[in-house]
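Engineer: Before I ask anything, here is the structure I am working with.
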Amino acid sequence: MDHATRSVEEAPWRVVDRPQRFRFGAIVGAISVAAIVSLIALASSAGGATGSLGNDRPVSTPSIFAPVSTPAFAIRDLSYFVLGICAVIFVVVAALLTYSIIRFRRRRGEDEREPPQVYGSNQIELAWTVVPVLIVFVLFLATARYIFGIEGHAPPSQALQVTVVGHQWWWEIRYPDLGIVTANELHVPARDPANPSPTFLTLESADVIHSFWVPQLAGKMDVIPNKTNRTWIDPHTPGLYVGQCAEFCGVQHAWMLLRVIVHPTDEFAAWVAEQQAPAVDDRVARTGRDVFRSVACINCHTVRGTTANGIFGPDLTHLMSRSTLGAGVAANTPEHLRAWIEHPAGLKPGALMPAMQLSRHELDQLVAYLLTLR
Ligand code: CUA
């Protein structure tokens with residue numbers, strides 16, 4: 001039926017009585033309030049990554065609005081720009097809606113006729129097509145400019161190169177030029193204005209798609225099997241920054257946490273020297289080392305300086321220098337370490353490390369050995 005000839009009697013809104021109209025107004029109001037509250041919540045807690053249970057606390061809440069690195073500063077500025085435009089649109093639409101609801105409400109004693117219905121106005125339809133298209137175009141151009149600005153940044157020759165490999169469910173972290181392999185904790189130097197040495201990250205996946213995200217340092221970057229992605233960070237302030245996997249990758253996706261420890265330059269050099277040393281060979285822990293070698297541990301784990309050279313699990317050469325276990329599920333304490341080895345799935349259901357069914361005595365010896373891997 002032609003809209004213009006639809007008779008007043010057939011219009012569906014004619015049967016709506018007064019209380020229901022009020023309910024409609026209340027629903028619109030509730031949705032608007034919910035939208036505002038969500039926006040505020042989003043703005044104040046954007047980031048969403050949770051701190052893990054390590055000994056030291058992150059310097060601040062992980063939020064894209066508390067950046068400390070050049071790509072993250074750019075993302076914050078762009079976010080304010082986009083949120084500003086969206087806020088203006090929201091205020092204009094909400095104001096017009098509120099005005100219309102109040103100004104054109106049905107009043108007591110009014111006749112029952114519908115107001116004139118407007119169809120086919122070219123001016124109005126052009127306006128509400130062209131204006132949003134222009135707005136989207138501006139948002140698109142601004143976003144593209146920032147993306148190319150960040151991605152097109154070439155690494156200077158003195159940049160620190162790090163390869164991060166996503167695994168179900170932990171992060172392997174390699175420093176190819178320094179001969180260091182560690183897990184779940186990315187150590188980098190703070191920016192030194194006199195000698196800028198940003199960290200360039202090469203992202204790879206061993207299994208499924210993950211996403212590397214440390215909100216205060218850079219944007220999300222997907223970690224994709226058989227594809228190499230790159231991103232970079234240049235933290236201006238030393239401290240601990242937390243991040244996490246931001247792409248659903250299986251049952252332990254939520255516990256695939258990452259810690260970035262930003263050191264002043266000289267402190268970073270000391271960390272490198274410590275990590276480059278081979279594993280401690282403590283005589284007292286030799287029986288534990290033999291347990292480690294006699295069971296399947298060495299198939300998956302490397303301890304540099306021993307015959308253990310597995311690559312499926314985290315490198316344990318300096319296990320005790322890390323502050324968490326299981327990519328952030330527990331603080332790295334002797335008790336948790338023992339519980340973890342005895343029954344990994346108890347701390348991290350779905351973890352791919354099997355329980356080795358060790359005797360109590362073997363477990364004691366093995367834990368004593370691992371505790372020497374400082
Ligand atoms: Cu890895 Cu989610």
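If you're wondering about the labels, chains in the structure tokens are A, B, ... by order shown, residues count from 1 in each chain, ligands from 1 in order shown.
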Could I get the residue neighbourhood of ligand 1 at 7 Å, counting only C-alpha atoms and all ligand atoms, as a VMD selection string?
Structural biologist: chain A and resid 166 to 169 209 to 211 245 to 250 253 to 254 256
Engineer: Go ahead and save the residues from that selection, with C-alpha atoms, as an mmCIF file, in the first residue's frame.
Structural biologist:
data_model
loop_
_atom_site.group_PDB
_atom_site.id
_atom_site.type_symbol
_atom_site.label_atom_id
_atom_site.label_comp_id
_atom_site.auth_asym_id
_atom_site.auth_seq_id
_atom_site.Cartn_x
_atom_site.Cartn_y
_atom_site.Cartn_z
ATOM 1 C CA GLY A 166 51.880 -16.851 20.843
ATOM 2 C CA HIS A 167 51.192 -20.366 22.124
ATOM 3 C CA GLN A 168 48.104 -21.918 23.686
ATOM 4 C CA TRP A 169 48.320 -20.335 26.299
ATOM 5 C CA ILE A 209 45.282 -16.774 16.209
ATOM 6 C CA HIS A 210 46.159 -14.745 19.279
ATOM 7 C CA SER A 211 46.366 -10.979 19.681
ATOM 8 C CA CYS A 245 45.850 -11.925 24.593
ATOM 9 C CA ALA A 246 42.972 -10.078 22.940
ATOM 10 C CA GLU A 247 41.729 -12.717 20.497
ATOM 11 C CA PHE A 248 39.785 -15.753 21.699
ATOM 12 C CA CYS A 249 42.199 -18.669 21.373
ATOM 13 C CA GLY A 250 40.735 -21.473 23.476
ATOM 14 C CA HIS A 253 42.440 -17.286 26.497
ATOM 15 C CA ALA A 254 41.544 -15.185 29.544
ATOM 16 C CA MET A 256 47.166 -15.643 28.616
#
Engineer: Residues within 10 Å of Asn309 of chain A, please, as number ranges by chain. Count only C-alpha atoms; anything in the same chain fewer than 6 positions from it doesn't count.
Structural biologist: A: 297-303, 315-316
Engineer: Please provide as a PyMOL selection string all residues within 6 Å of segment 357-369 of chain A, with the sequence filter that same-chain residues fewer than 2 positions apart are discarded (counting only C-alpha atoms).
Structural biologist: chain A and resi 285+288-289+355+371-372
Engineer: Could you name the residues that touch Leu217 of chain A at 8 Å or less, counting only C-alpha atoms, but leaving out those on the same chain fewer than 4 positions away, as a list in words?
Structural biologist: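 Using only C-alpha atoms, the neighbours found are Pro67, Val68, Ser69, Thr70, Pro71, Ala72, Ile233, Asp234 and Pro235 of chain A.
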Engineer: Provide the atom CA of Val133 of chain A to atom CA of Gly152 of chain A distance in Å, to one decimal place.
Structural biologist: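 About the pair atom CA of Val133 of chain A and atom CA of Gly152 of chain A: they are 27.5 Å apart.
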Engineer: Would you please work out which residue, of A:Leu134, A:Val162, A:Ala87, A:Leu347, is nearest to Ala330 of chain A when using only C-alpha atoms?
Structural biologist: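 Under the stated criterion, the closest residue is A:Leu347.
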Engineer: May I have all residues of segment 280-374 of chain A that DSSP, computed from the backbone, assigns to alpha helix (DSSP H), given as a ChimeraX atom specification?
Structural biologist: /A:286-294,297-300,334-342,344-347,360-370
Engineer: Counting only C-alpha atoms, give me one row per residue of segment 223-322 of chain A with an atom at most 9 Å from an atom of segment 331-342 of chain A, showing the shortest contact pair and its distance in Å to one decimal, sorted by chain then residue number, as a tab-separated table.
Structural biologist:
residue	atom	partner	partner_atom	distance
A:Leu319	CA	A:Asn332	CA	8.9
A:Met320	CA	A:Asn332	CA	7.3
A:Arg322	CA	A:Asn332	CA	7.0
Engineer: I'd like to know which residues of segment 58-169 of chain A are strand (DSSP E) (by DSSP, run on the backbone); could you write them as number ranges by chain?
Structural biologist: A: 160-167
Engineer: Just write the chosen residues, C-alpha atoms, as a short mmCIF file (atom, residue, chain, number, x, y, z; two decimals), in the first residue's frame.
Structural biologist:
data_model
loop_
_atom_site.label_atom_id
_atom_site.label_comp_id
_atom_site.auth_asym_id
_atom_site.auth_seq_id
_atom_site.Cartn_x
_atom_site.Cartn_y
_atom_site.Cartn_z
CA LEU A 160 65.99 -3.82 19.98
CA GLN A 161 64.53 -6.71 18.01
CA VAL A 162 62.25 -9.13 19.87
CA THR A 163 60.23 -12.05 18.51
CA VAL A 164 57.04 -12.86 20.40
CA VAL A 165 55.45 -16.23 19.67
CA GLY A 166 51.88 -16.85 20.84
CA HIS A 167 51.19 -20.37 22.12
#
Engineer: Leaving out segment 187-197 of chain A and any residue of its chain fewer than 3 positions from it, which residues lie within 9 Å of it when counting only C-alpha atoms, given as a ChimeraX atom specification?
Structural biologist: /A:69,155-160,234-239,259-269,271-272
Engineer: Emit the selected residues as a PDB file, in the first residue's frame, including C-alpha atoms.
Structural biologist:
ATOM      1  CA  SER A  69      54.677   4.886  24.447  1.00  0.00           C
ATOM      2  CA  PRO A 155      63.193   0.649  12.852  1.00  0.00           C
ATOM      3  CA  PRO A 156      66.380   2.614  13.515  1.00  0.00           C
ATOM      4  CA  SER A 157      69.566   0.531  13.347  1.00  0.00           C
ATOM      5  CA  GLN A 158      69.971   0.437  17.135  1.00  0.00           C
ATOM      6  CA  ALA A 159      66.372  -0.797  17.708  1.00  0.00           C
ATOM      7  CA  LEU A 160      65.989  -3.819  19.980  1.00  0.00           C
ATOM      8  CA  ASP A 234      59.185   2.913  22.976  1.00  0.00           C
ATOM      9  CA  PRO A 235      58.057   3.210  26.623  1.00  0.00           C
ATOM     10  CA  HIS A 236      58.950   6.618  28.012  1.00  0.00           C
ATOM     11  CA  THR A 237      58.608   5.645  31.669  1.00  0.00           C
ATOM     12  CA  PRO A 238      60.188   2.641  33.444  1.00  0.00           C
ATOM     13  CA  GLY A 239      57.727   0.381  35.245  1.00  0.00           C
ATOM     14  CA  ARG A 259      53.911  -8.455  31.670  1.00  0.00           C
ATOM     15  CA  VAL A 260      56.137  -5.814  30.148  1.00  0.00           C
ATOM     16  CA  ILE A 261      58.939  -4.659  32.432  1.00  0.00           C
ATOM     17  CA  VAL A 262      60.485  -1.396  31.275  1.00  0.00           C
ATOM     18  CA  HIS A 263      63.966  -0.835  32.712  1.00  0.00           C
ATOM     19  CA  PRO A 264      66.196   2.232  32.765  1.00  0.00           C
ATOM     20  CA  THR A 265      68.953   1.578  30.204  1.00  0.00           C
ATOM     21  CA  ASP A 266      71.698   0.428  32.617  1.00  0.00           C
ATOM     22  CA  GLU A 267      69.285  -1.828  34.529  1.00  0.00           C
ATOM     23  CA  PHE A 268      68.256  -3.417  31.220  1.00  0.00           C
ATOM     24  CA  ALA A 269      71.895  -4.195  30.416  1.00  0.00           C
ATOM     25  CA  TRP A 271      69.036  -7.996  33.061  1.00  0.00           C
ATOM     26  CA  VAL A 272      70.467  -9.020  29.674  1.00  0.00           C
TER      27      VAL A 272
END
Engineer: For Val208 of chain A, which of A:Arg107, A:Lys220, A:Arg174, A:Lys227 is the closest residue, counting only C-alpha atoms?
Structural biologist: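 So, comparing all the options, the nearest one is A:Lys227.
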Engineer: I want to know what sits within 9 Å of Ala277 of chain A, based on only C-alpha atoms, with residues of the same chain fewer than 6 positions away left out; could you give that as a list in words?
Structural biologist: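 In the requested format, the answer is Arg304, Thr317 and His318 of chain A.
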Engineer: With C-alpha atoms kept, could you save the residues just selected as a compact mmCIF listing (two decimals), in the first residue's frame?
Structural biologist:
# COMPACT_ATOMS: atom_id res chain seq x y z
CA ARG A 304 70.45 -23.92 28.67
CA THR A 317 66.89 -21.57 32.15
CA HIS A 318 66.02 -18.61 34.39
Engineer: For a test of reading the model, state the distance in Å between atom CA of Glu125 of chain A and atom CA of Val93 of chain A, rounded to one decimal.
Structural biologist: 16.1 Å
